[in-house]
Amino acid sequence: MKLVKVYVTLKDSVLDAQGEAIKSAIHSMGYNKVENVGMGKYFELRFADDYSDFEKDVDAICDDLLANPNIETYRYEIMEAE
Amino acid sequence: MKFAVINFPGSNCDMDLYYAVRDGIEQQVELVDYRAQSLEGFDGVLIPGGFSYGDYLRSGAIAVHAPIVKEIIRFANEGKIVLGICNGFQILTELGLLPGALIQNGQSRFICETVALRVVNNETAFTNGYSKNEIINIPIAHGEGRYYCDDKTLSELEANNQIVFKYLENVNGSVEHIAGVTNKQKNVLGMMPHPERAIEKILGSDDGLKLFQSIINYQVKVNN
């Protein structure tokens with residue numbers, strides 16, 4: 001089984017309102033050394049081993065559904081899974 | 001005119017829109033299920049507010065893959081009237097029928113209040129009943145209504161007069177106070193404020209009524 005871990009995050013040009021709110025909570029806990037917090041989304045896609053075209057599929061799925069190219073970027077890691 | 005109000009799982013302003021058309025401008029209107037395959041016989045399509053598919057993934061992102069959507073795209077491409085309000089606006093941007101995106105409000109909380117808007121462009125199918133720069137009071141109710149687009153898109157919007165409504169006070173941190181935009185052809189409008197909730201004075205404002213009347217004015221002109 002192939003496991004694809006997809007990370008979707010906001011582009012740098014877009015204000016990450018949730019990240020900012022989390023950062024201010026972290027600061028209120030006393031961890032003032034934290035300079036920035038970014039929040040994103042994490043997905044796990046699994047493919048059967050005998051399917052080799054999966055990277056093309058992952059790109060299409062990210063472009064058409066998991067990420068909105070107007071505001072977000074994505075990256076992914078491929079690993080072996082049981 | 002005969003309007004379709006699309007009903008997605010999680011839509012919750014569908015009946016408000018229905019009554020705005022039926023009682024506000026006294027035109028024909030039907031609720032259309034998201035699984036329907038055809039919008040044959042309708043003149044305009046209205047996409048209501050709410051939380052389609054629970055706002056899972058991103059607001060409007062899942063609705064884009066519902067069966068009825070290919071008909072909405074057809075309507076838009078044929079120059080017919082398409083209006084998306086609130087979640088409807090989010091769906092239209094996710095679809096790519098309108099530029100930009102709606103993201104979480106700058107202050108990270110849900111805003112529910114009546115706000116003042118400026119009618120920036122009164123020469124559209126949706127705003128010909130207003131005067132230019134008219135100030136109107138329309139309710140908003142959204143957590144993810146901050147309009148975002150990049151600088152290039154913004155200059156295109158400005159050059160083509162696609163910005164239709166702006167907030168007087170920038171309540172959610174939108175680029176250039178933008179509250180509503182059209183596509184290039186100006187037959188598709190998306191807006192975060194709810195004109196269908198401003199149809200009768202007794203409910204606070206009837207400033208939304210002219211938007212629906214404008215659509216009728218436009219259609220009469222087109223038909224002649």
# chains A, B, ... in the order shown; residues from 1 in each chain; ligands from 1
call {"tool": "closest_atom_pairs", "arguments": {"of": "chain A", "to": "chain B", "cutoff": "10 Å", "atoms": "only C-alpha atoms", "output": "JSON lines"}}
result
{"residue": "A:Ser13", "atom": "CA", "partner": "B:Asp150", "partner_atom": "CA", "distance": 8.3}
{"residue": "A:Val14", "atom": "CA", "partner": "B:Tyr148", "partner_atom": "CA", "distance": 7.8}
{"residue": "A:Leu15", "atom": "CA", "partner": "B:Gly106", "partner_atom": "CA", "distance": 7.7}
{"residue": "A:Asp16", "atom": "CA", "partner": "B:Gln104", "partner_atom": "CA", "distance": 8.4}
{"residue": "A:Ala17", "atom": "CA", "partner": "B:Gly106", "partner_atom": "CA", "distance": 5.8}
{"residue": "A:Gln18", "atom": "CA", "partner": "B:Ser108", "partner_atom": "CA", "distance": 6.6}
{"residue": "A:Gly19", "atom": "CA", "partner": "B:Ser108", "partner_atom": "CA", "distance": 9.9}
{"residue": "A:Glu20", "atom": "CA", "partner": "B:Ser108", "partner_atom": "CA", "distance": 9.1}
{"residue": "A:Ala21", "atom": "CA", "partner": "B:Ser108", "partner_atom": "CA", "distance": 7.5}
{"residue": "A:Lys41", "atom": "CA", "partner": "B:Leu57", "partner_atom": "CA", "distance": 8.6}
{"residue": "A:Asp64", "atom": "CA", "partner": "B:Ala61", "partner_atom": "CA", "distance": 9.3}
{"residue": "A:Leu65", "atom": "CA", "partner": "B:Ala61", "partner_atom": "CA", "distance": 6.9}
{"residue": "A:Leu66", "atom": "CA", "partner": "B:Leu57", "partner_atom": "CA", "distance": 7.2}
{"residue": "A:Ala67", "atom": "CA", "partner": "B:Arg58", "partner_atom": "CA", "distance": 8.8}
{"residue": "A:Asn68", "atom": "CA", "partner": "B:Glu94", "partner_atom": "CA", "distance": 7.4}
{"residue": "A:Pro69", "atom": "CA", "partner": "B:Ala101", "partner_atom": "CA", "distance": 9.5}
{"residue": "A:Asn70", "atom": "CA", "partner": "B:Gly100", "partner_atom": "CA", "distance": 6.3}
{"residue": "A:Ile71", "atom": "CA", "partner": "B:Ala101", "partner_atom": "CA", "distance": 7.1}
call {"tool": "write_last_selection", "arguments": {"atoms": "N, CA and C atoms", "output": "tab-separated table (two decimals), in the first residue's frame"}}
result
chain	number	residue	atom	x	y	z
A	13	SER	N	0.86	35.23	0.96
A	13	SER	CA	0.21	36.52	0.73
A	13	SER	C	-1.17	36.60	1.39
A	14	VAL	N	-1.67	35.47	1.92
A	14	VAL	CA	-3.00	35.46	2.53
A	14	VAL	C	-2.87	35.44	4.05
A	15	LEU	N	-3.53	36.38	4.70
A	15	LEU	CA	-3.49	36.44	6.17
A	15	LEU	C	-4.10	35.16	6.75
A	16	ASP	N	-3.32	34.47	7.60
A	16	ASP	CA	-3.78	33.24	8.24
A	16	ASP	C	-4.42	33.63	9.58
A	17	ALA	N	-5.73	33.91	9.55
A	17	ALA	CA	-6.41	34.45	10.74
A	17	ALA	C	-6.39	33.43	11.89
A	18	GLN	N	-6.56	32.14	11.56
A	18	GLN	CA	-6.53	31.12	12.62
A	18	GLN	C	-5.12	31.00	13.20
A	19	GLY	N	-4.12	31.00	12.33
A	19	GLY	CA	-2.73	30.94	12.79
A	19	GLY	C	-2.41	32.09	13.74
A	20	GLU	N	-2.90	33.29	13.39
A	20	GLU	CA	-2.66	34.46	14.23
A	20	GLU	C	-3.32	34.31	15.60
A	21	ALA	N	-4.57	33.77	15.59
A	21	ALA	CA	-5.29	33.59	16.86
A	21	ALA	C	-4.58	32.56	17.74
A	41	LYS	N	-4.07	22.12	6.50
A	41	LYS	CA	-4.86	20.89	6.52
A	41	LYS	C	-3.99	19.72	6.11
A	64	ASP	N	-8.00	20.10	-7.97
A	64	ASP	CA	-9.44	20.25	-8.20
A	64	ASP	C	-10.28	20.21	-6.94
A	65	LEU	N	-9.71	19.74	-5.84
A	65	LEU	CA	-10.54	19.61	-4.65
A	65	LEU	C	-9.84	20.01	-3.35
A	66	LEU	N	-8.72	19.38	-3.04
A	66	LEU	CA	-8.15	19.55	-1.70
A	66	LEU	C	-7.59	20.95	-1.46
A	67	ALA	N	-7.08	21.60	-2.50
A	67	ALA	CA	-6.54	22.95	-2.34
A	67	ALA	C	-7.24	23.91	-3.29
A	68	ASN	N	-7.40	25.14	-2.86
A	68	ASN	CA	-7.92	26.19	-3.73
A	68	ASN	C	-6.73	27.04	-4.19
A	69	PRO	N	-6.37	26.93	-5.48
A	69	PRO	CA	-5.14	27.59	-5.95
A	69	PRO	C	-5.14	29.11	-5.79
A	70	ASN	N	-6.33	29.70	-5.60
A	70	ASN	CA	-6.38	31.15	-5.37
A	70	ASN	C	-5.73	31.54	-4.04
A	71	ILE	N	-5.83	30.66	-3.06
A	71	ILE	CA	-5.38	31.04	-1.72
A	71	ILE	C	-4.40	30.05	-1.08
call {"tool": "select_by_dssp", "arguments": {"residues": "stretch 183-217 of chain B", "states": "strand (DSSP E)", "output": "PyMOL selection string"}}
result
chain B and resi 188-191
call {"tool": "select_by_dssp", "arguments": {"residues": "stretch 20-164 of chain B", "states": "helix (DSSP H, G or I)", "output": "number ranges by chain"}}
result
B: 20-24, 52-55, 63-65, 69-77, 87-95, 151-159
call {"tool": "atom_distance", "arguments": {"atom1": "atom CA of B:Gly24", "atom2": "atom CA of B:Tyr130"}}
result
16.2 Å
call {"tool": "residues_around", "arguments": {"residues": "A:Cys62", "least_positions_apart": "4", "cutoff": "12 Å", "atoms": "only C-alpha atoms", "output": "list in words"}}
result
Val4, Lys5, Val6, Tyr7, Val8, Thr9, Lys41, Tyr42, Phe43, Glu44, Leu45, Glu55, Lys56, Asp57, Val58, Leu66, Ala67, Asn68, Pro69, Glu72, Thr73, Tyr74, Arg75 and Tyr76 of chain A; Leu57 and Ala61 of chain B
call {"tool": "write_last_selection", "arguments": {"atoms": "N, CA and C atoms", "output": "compact mmCIF listing (two decimals), in the first residue's frame"}}
result
# COMPACT_ATOMS: atom_id res chain seq x y z
N VAL A 4 0.03 8.48 0.76
CA VAL A 4 0.41 9.83 0.35
C VAL A 4 -0.11 10.81 1.40
N LYS A 5 0.82 11.54 2.00
CA LYS A 5 0.46 12.54 3.01
C LYS A 5 0.45 13.91 2.35
N VAL A 6 -0.72 14.52 2.33
CA VAL A 6 -0.88 15.81 1.64
C VAL A 6 -1.02 16.93 2.67
N TYR A 7 -0.24 18.00 2.49
CA TYR A 7 -0.32 19.17 3.37
C TYR A 7 -0.78 20.37 2.55
N VAL A 8 -1.86 20.98 2.99
CA VAL A 8 -2.37 22.17 2.30
C VAL A 8 -2.22 23.36 3.25
N THR A 9 -1.57 24.41 2.76
CA THR A 9 -1.40 25.61 3.60
C THR A 9 -1.76 26.87 2.81
N LYS A 41 -4.07 22.12 6.50
CA LYS A 41 -4.86 20.89 6.52
C LYS A 41 -3.99 19.72 6.11
N TYR A 42 -4.33 18.56 6.65
CA TYR A 42 -3.53 17.35 6.43
C TYR A 42 -4.45 16.24 5.94
N PHE A 43 -4.06 15.56 4.87
CA PHE A 43 -4.88 14.48 4.31
C PHE A 43 -4.00 13.24 4.12
N GLU A 44 -4.60 12.08 4.24
CA GLU A 44 -3.90 10.83 3.92
C GLU A 44 -4.66 10.11 2.82
N LEU A 45 -3.99 9.86 1.71
CA LEU A 45 -4.59 9.11 0.61
C LEU A 45 -3.83 7.79 0.47
N GLU A 55 0.59 9.38 -8.67
CA GLU A 55 1.04 10.76 -8.46
C GLU A 55 0.25 11.75 -9.33
N LYS A 56 -0.04 11.30 -10.54
CA LYS A 56 -0.84 12.14 -11.44
C LYS A 56 -2.22 12.39 -10.82
N ASP A 57 -2.78 11.32 -10.24
CA ASP A 57 -4.08 11.44 -9.59
C ASP A 57 -4.02 12.40 -8.40
N VAL A 58 -2.96 12.27 -7.61
CA VAL A 58 -2.85 13.12 -6.42
C VAL A 58 -2.79 14.59 -6.83
N LEU A 66 -8.72 19.38 -3.04
CA LEU A 66 -8.15 19.55 -1.70
C LEU A 66 -7.59 20.95 -1.46
N ALA A 67 -7.08 21.60 -2.50
CA ALA A 67 -6.54 22.95 -2.34
C ALA A 67 -7.24 23.91 -3.29
N ASN A 68 -7.40 25.14 -2.86
CA ASN A 68 -7.92 26.19 -3.73
C ASN A 68 -6.73 27.04 -4.19
N PRO A 69 -6.37 26.93 -5.48
CA PRO A 69 -5.14 27.59 -5.95
C PRO A 69 -5.14 29.11 -5.79
N GLU A 72 -4.33 28.83 -1.65
CA GLU A 72 -3.56 27.79 -0.96
C GLU A 72 -2.50 27.16 -1.86
N THR A 73 -1.49 26.54 -1.22
CA THR A 73 -0.54 25.69 -1.92
C THR A 73 -0.54 24.33 -1.24
N TYR A 74 -0.02 23.32 -1.92
CA TYR A 74 0.05 22.00 -1.30
C TYR A 74 1.39 21.35 -1.60
N ARG A 75 1.74 20.40 -0.76
CA ARG A 75 2.89 19.53 -1.02
C ARG A 75 2.54 18.16 -0.47
N TYR A 76 3.22 17.12 -0.94
CA TYR A 76 2.91 15.81 -0.39
C TYR A 76 4.13 14.92 -0.30
N LEU B 57 -14.03 20.84 4.38
CA LEU B 57 -12.88 21.13 3.51
C LEU B 57 -12.68 22.64 3.37
N ALA B 61 -16.63 24.10 -1.24
CA ALA B 61 -15.73 23.24 -2.02
C ALA B 61 -16.38 21.93 -2.45
call {"tool": "residues_around", "arguments": {"residues": "A:Val34", "least_positions_apart": "2", "cutoff": "12 Å", "atoms": "only C-alpha atoms", "output": "list in words"}}
result
Gly19, Glu20, Ile22, Lys23, Ser24, Ala25, Ile26, His27, Ser28, Met29, Gly30, Tyr31, Asn32, Asn36, Val37 and Gly38 of chain A
call {"tool": "write_last_selection", "arguments": {"atoms": "N, CA and C atoms", "output": "short mmCIF file (atom, residue, chain, number, x, y, z; two decimals), in the first residue's frame"}}
result
data_model
loop_
_atom_site.label_atom_id
_atom_site.label_comp_id
_atom_site.auth_asym_id
_atom_site.auth_seq_id
_atom_site.Cartn_x
_atom_site.Cartn_y
_atom_site.Cartn_z
N GLY A 19 -4.12 31.00 12.33
CA GLY A 19 -2.73 30.94 12.79
C GLY A 19 -2.41 32.09 13.74
N GLU A 20 -2.90 33.29 13.39
CA GLU A 20 -2.66 34.46 14.23
C GLU A 20 -3.32 34.31 15.60
N ILE A 22 -4.07 31.50 17.08
CA ILE A 22 -3.36 30.45 17.83
C ILE A 22 -2.06 31.02 18.39
N LYS A 23 -1.39 31.85 17.57
CA LYS A 23 -0.14 32.45 18.03
C LYS A 23 -0.38 33.30 19.29
N SER A 24 -1.48 34.07 19.28
CA SER A 24 -1.70 34.93 20.44
C SER A 24 -2.03 34.08 21.68
N ALA A 25 -2.70 32.91 21.47
CA ALA A 25 -2.95 32.01 22.61
C ALA A 25 -1.63 31.43 23.13
N ILE A 26 -0.74 31.07 22.20
CA ILE A 26 0.57 30.53 22.60
C ILE A 26 1.35 31.57 23.39
N HIS A 27 1.30 32.81 22.91
CA HIS A 27 2.00 33.88 23.63
C HIS A 27 1.42 34.07 25.02
N SER A 28 0.08 33.94 25.13
CA SER A 28 -0.54 34.14 26.45
C SER A 28 -0.18 33.00 27.40
N MET A 29 0.29 31.86 26.83
CA MET A 29 0.78 30.77 27.68
C MET A 29 2.20 31.03 28.15
N GLY A 30 2.81 32.07 27.61
CA GLY A 30 4.15 32.43 28.03
C GLY A 30 5.25 32.03 27.06
N TYR A 31 4.90 31.37 25.98
CA TYR A 31 5.92 30.95 24.99
C TYR A 31 6.15 32.07 23.98
N ASN A 32 6.82 33.10 24.45
CA ASN A 32 6.94 34.30 23.62
C ASN A 32 7.96 34.17 22.50
N ASN A 36 5.98 32.75 14.69
CA ASN A 36 4.91 32.64 13.70
C ASN A 36 4.21 31.29 13.83
N VAL A 37 2.89 31.28 13.59
CA VAL A 37 2.14 30.03 13.57
C VAL A 37 1.35 29.97 12.27
N GLY A 38 1.54 28.91 11.52
CA GLY A 38 0.75 28.71 10.31
C GLY A 38 -0.16 27.52 10.52
#
call {"tool": "residues_around", "arguments": {"residues": "stretch 155-162 of chain B", "least_positions_apart": "2", "cutoff": "12 Å", "atoms": "only C-alpha atoms", "output": "MDAnalysis selection string"}}
result
chainID B and resid 98:100 119:127 149:153 164:166 175:176 178:191
call {"tool": "closest_residue", "arguments": {"among": "B:Phe3, B:Phe89, B:Tyr147, B:Tyr19", "to": "B:Gly50", "atoms": "only C-alpha atoms"}}
result
B:Phe89
call {"tool": "closest_residue", "arguments": {"among": "B:Leu31, B:Leu46, B:Ile215, B:Leu203", "to": "B:Asn87", "atoms": "only C-alpha atoms"}}
result
B:Leu46
call {"tool": "decode", "arguments": {"residues": "stretch 16-39 of chain A", "atoms": "N, CA, C and O atoms", "output": "PDB file, in the first residue's frame"}}
result
ATOM      1  N   ASP A  16      -3.323  34.474   7.603  1.00  0.00           N
ATOM      2  CA  ASP A  16      -3.781  33.243   8.241  1.00  0.00           C
ATOM      3  C   ASP A  16      -4.417  33.626   9.580  1.00  0.00           C
ATOM      4  O   ASP A  16      -3.753  33.664  10.616  1.00  0.00           O
ATOM      5  N   ALA A  17      -5.735  33.912   9.550  1.00  0.00           N
ATOM      6  CA  ALA A  17      -6.412  34.447  10.743  1.00  0.00           C
ATOM      7  C   ALA A  17      -6.391  33.435  11.888  1.00  0.00           C
ATOM      8  O   ALA A  17      -6.192  33.800  13.046  1.00  0.00           O
ATOM      9  N   GLN A  18      -6.559  32.141  11.559  1.00  0.00           N
ATOM     10  CA  GLN A  18      -6.526  31.125  12.623  1.00  0.00           C
ATOM     11  C   GLN A  18      -5.124  30.995  13.201  1.00  0.00           C
ATOM     12  O   GLN A  18      -4.959  30.884  14.416  1.00  0.00           O
ATOM     13  N   GLY A  19      -4.121  31.000  12.329  1.00  0.00           N
ATOM     14  CA  GLY A  19      -2.730  30.938  12.795  1.00  0.00           C
ATOM     15  C   GLY A  19      -2.411  32.086  13.735  1.00  0.00           C
ATOM     16  O   GLY A  19      -1.758  31.910  14.769  1.00  0.00           O
ATOM     17  N   GLU A  20      -2.903  33.288  13.385  1.00  0.00           N
ATOM     18  CA  GLU A  20      -2.658  34.465  14.234  1.00  0.00           C
ATOM     19  C   GLU A  20      -3.325  34.306  15.597  1.00  0.00           C
ATOM     20  O   GLU A  20      -2.762  34.668  16.624  1.00  0.00           O
ATOM     21  N   ALA A  21      -4.569  33.773  15.594  1.00  0.00           N
ATOM     22  CA  ALA A  21      -5.289  33.593  16.858  1.00  0.00           C
ATOM     23  C   ALA A  21      -4.577  32.557  17.738  1.00  0.00           C
ATOM     24  O   ALA A  21      -4.454  32.728  18.955  1.00  0.00           O
ATOM     25  N   ILE A  22      -4.074  31.495  17.078  1.00  0.00           N
ATOM     26  CA  ILE A  22      -3.361  30.452  17.829  1.00  0.00           C
ATOM     27  C   ILE A  22      -2.056  31.022  18.392  1.00  0.00           C
ATOM     28  O   ILE A  22      -1.685  30.766  19.538  1.00  0.00           O
ATOM     29  N   LYS A  23      -1.390  31.845  17.567  1.00  0.00           N
ATOM     30  CA  LYS A  23      -0.140  32.455  18.030  1.00  0.00           C
ATOM     31  C   LYS A  23      -0.379  33.303  19.286  1.00  0.00           C
ATOM     32  O   LYS A  23       0.375  33.232  20.250  1.00  0.00           O
ATOM     33  N   SER A  24      -1.478  34.069  19.277  1.00  0.00           N
ATOM     34  CA  SER A  24      -1.699  34.929  20.445  1.00  0.00           C
ATOM     35  C   SER A  24      -2.031  34.079  21.676  1.00  0.00           C
ATOM     36  O   SER A  24      -1.656  34.427  22.794  1.00  0.00           O
ATOM     37  N   ALA A  25      -2.697  32.913  21.472  1.00  0.00           N
ATOM     38  CA  ALA A  25      -2.947  32.009  22.609  1.00  0.00           C
ATOM     39  C   ALA A  25      -1.634  31.434  23.131  1.00  0.00           C
ATOM     40  O   ALA A  25      -1.416  31.335  24.348  1.00  0.00           O
ATOM     41  N   ILE A  26      -0.737  31.072  22.196  1.00  0.00           N
ATOM     42  CA  ILE A  26       0.570  30.530  22.599  1.00  0.00           C
ATOM     43  C   ILE A  26       1.355  31.569  23.389  1.00  0.00           C
ATOM     44  O   ILE A  26       1.944  31.266  24.431  1.00  0.00           O
ATOM     45  N   HIS A  27       1.295  32.813  22.910  1.00  0.00           N
ATOM     46  CA  HIS A  27       1.998  33.882  23.631  1.00  0.00           C
ATOM     47  C   HIS A  27       1.415  34.074  25.022  1.00  0.00           C
ATOM     48  O   HIS A  27       2.133  34.318  25.982  1.00  0.00           O
ATOM     49  N   SER A  28       0.082  33.943  25.134  1.00  0.00           N
ATOM     50  CA  SER A  28      -0.538  34.139  26.450  1.00  0.00           C
ATOM     51  C   SER A  28      -0.176  32.996  27.404  1.00  0.00           C
ATOM     52  O   SER A  28      -0.290  33.127  28.611  1.00  0.00           O
ATOM     53  N   MET A  29       0.287  31.864  26.833  1.00  0.00           N
ATOM     54  CA  MET A  29       0.779  30.769  27.677  1.00  0.00           C
ATOM     55  C   MET A  29       2.204  31.033  28.152  1.00  0.00           C
ATOM     56  O   MET A  29       2.734  30.280  28.972  1.00  0.00           O
ATOM     57  N   GLY A  30       2.811  32.066  27.608  1.00  0.00           N
ATOM     58  CA  GLY A  30       4.154  32.433  28.032  1.00  0.00           C
ATOM     59  C   GLY A  30       5.252  32.033  27.057  1.00  0.00           C
ATOM     60  O   GLY A  30       6.419  32.322  27.296  1.00  0.00           O
ATOM     61  N   TYR A  31       4.901  31.367  25.976  1.00  0.00           N
ATOM     62  CA  TYR A  31       5.918  30.949  24.994  1.00  0.00           C
ATOM     63  C   TYR A  31       6.151  32.073  23.983  1.00  0.00           C
ATOM     64  O   TYR A  31       5.724  32.001  22.827  1.00  0.00           O
ATOM     65  N   ASN A  32       6.816  33.105  24.448  1.00  0.00           N
ATOM     66  CA  ASN A  32       6.944  34.303  23.620  1.00  0.00           C
ATOM     67  C   ASN A  32       7.961  34.166  22.497  1.00  0.00           C
ATOM     68  O   ASN A  32       8.067  35.034  21.650  1.00  0.00           O
ATOM     69  N   LYS A  33       8.725  33.070  22.519  1.00  0.00           N
ATOM     70  CA  LYS A  33       9.724  32.879  21.469  1.00  0.00           C
ATOM     71  C   LYS A  33       9.094  32.400  20.159  1.00  0.00           C
ATOM     72  O   LYS A  33       9.763  32.374  19.127  1.00  0.00           O
ATOM     73  N   VAL A  34       7.847  31.984  20.202  1.00  0.00           N
ATOM     74  CA  VAL A  34       7.192  31.543  18.967  1.00  0.00           C
ATOM     75  C   VAL A  34       6.909  32.774  18.106  1.00  0.00           C
ATOM     76  O   VAL A  34       6.173  33.673  18.519  1.00  0.00           O
ATOM     77  N   GLU A  35       7.536  32.825  16.947  1.00  0.00           N
ATOM     78  CA  GLU A  35       7.422  34.040  16.131  1.00  0.00           C
ATOM     79  C   GLU A  35       6.309  33.962  15.116  1.00  0.00           C
ATOM     80  O   GLU A  35       5.755  34.975  14.703  1.00  0.00           O
ATOM     81  N   ASN A  36       5.978  32.752  14.691  1.00  0.00           N
ATOM     82  CA  ASN A  36       4.912  32.644  13.703  1.00  0.00           C
ATOM     83  C   ASN A  36       4.211  31.293  13.831  1.00  0.00           C
ATOM     84  O   ASN A  36       4.857  30.297  14.164  1.00  0.00           O
ATOM     85  N   VAL A  37       2.895  31.281  13.591  1.00  0.00           N
ATOM     86  CA  VAL A  37       2.139  30.026  13.574  1.00  0.00           C
ATOM     87  C   VAL A  37       1.349  29.974  12.267  1.00  0.00           C
ATOM     88  O   VAL A  37       0.621  30.912  11.942  1.00  0.00           O
ATOM     89  N   GLY A  38       1.537  28.907  11.519  1.00  0.00           N
ATOM     90  CA  GLY A  38       0.751  28.710  10.308  1.00  0.00           C
ATOM     91  C   GLY A  38      -0.162  27.520  10.517  1.00  0.00           C
ATOM     92  O   GLY A  38       0.257  26.513  11.091  1.00  0.00           O
ATOM     93  N   MET A  39      -1.393  27.634  10.085  1.00  0.00           N
ATOM     94  CA  MET A  39      -2.300  26.505  10.219  1.00  0.00           C
ATOM     95  C   MET A  39      -2.714  26.008   8.845  1.00  0.00           C
ATOM     96  O   MET A  39      -2.991  26.804   7.948  1.00  0.00           O
TER      97      MET A  39
END
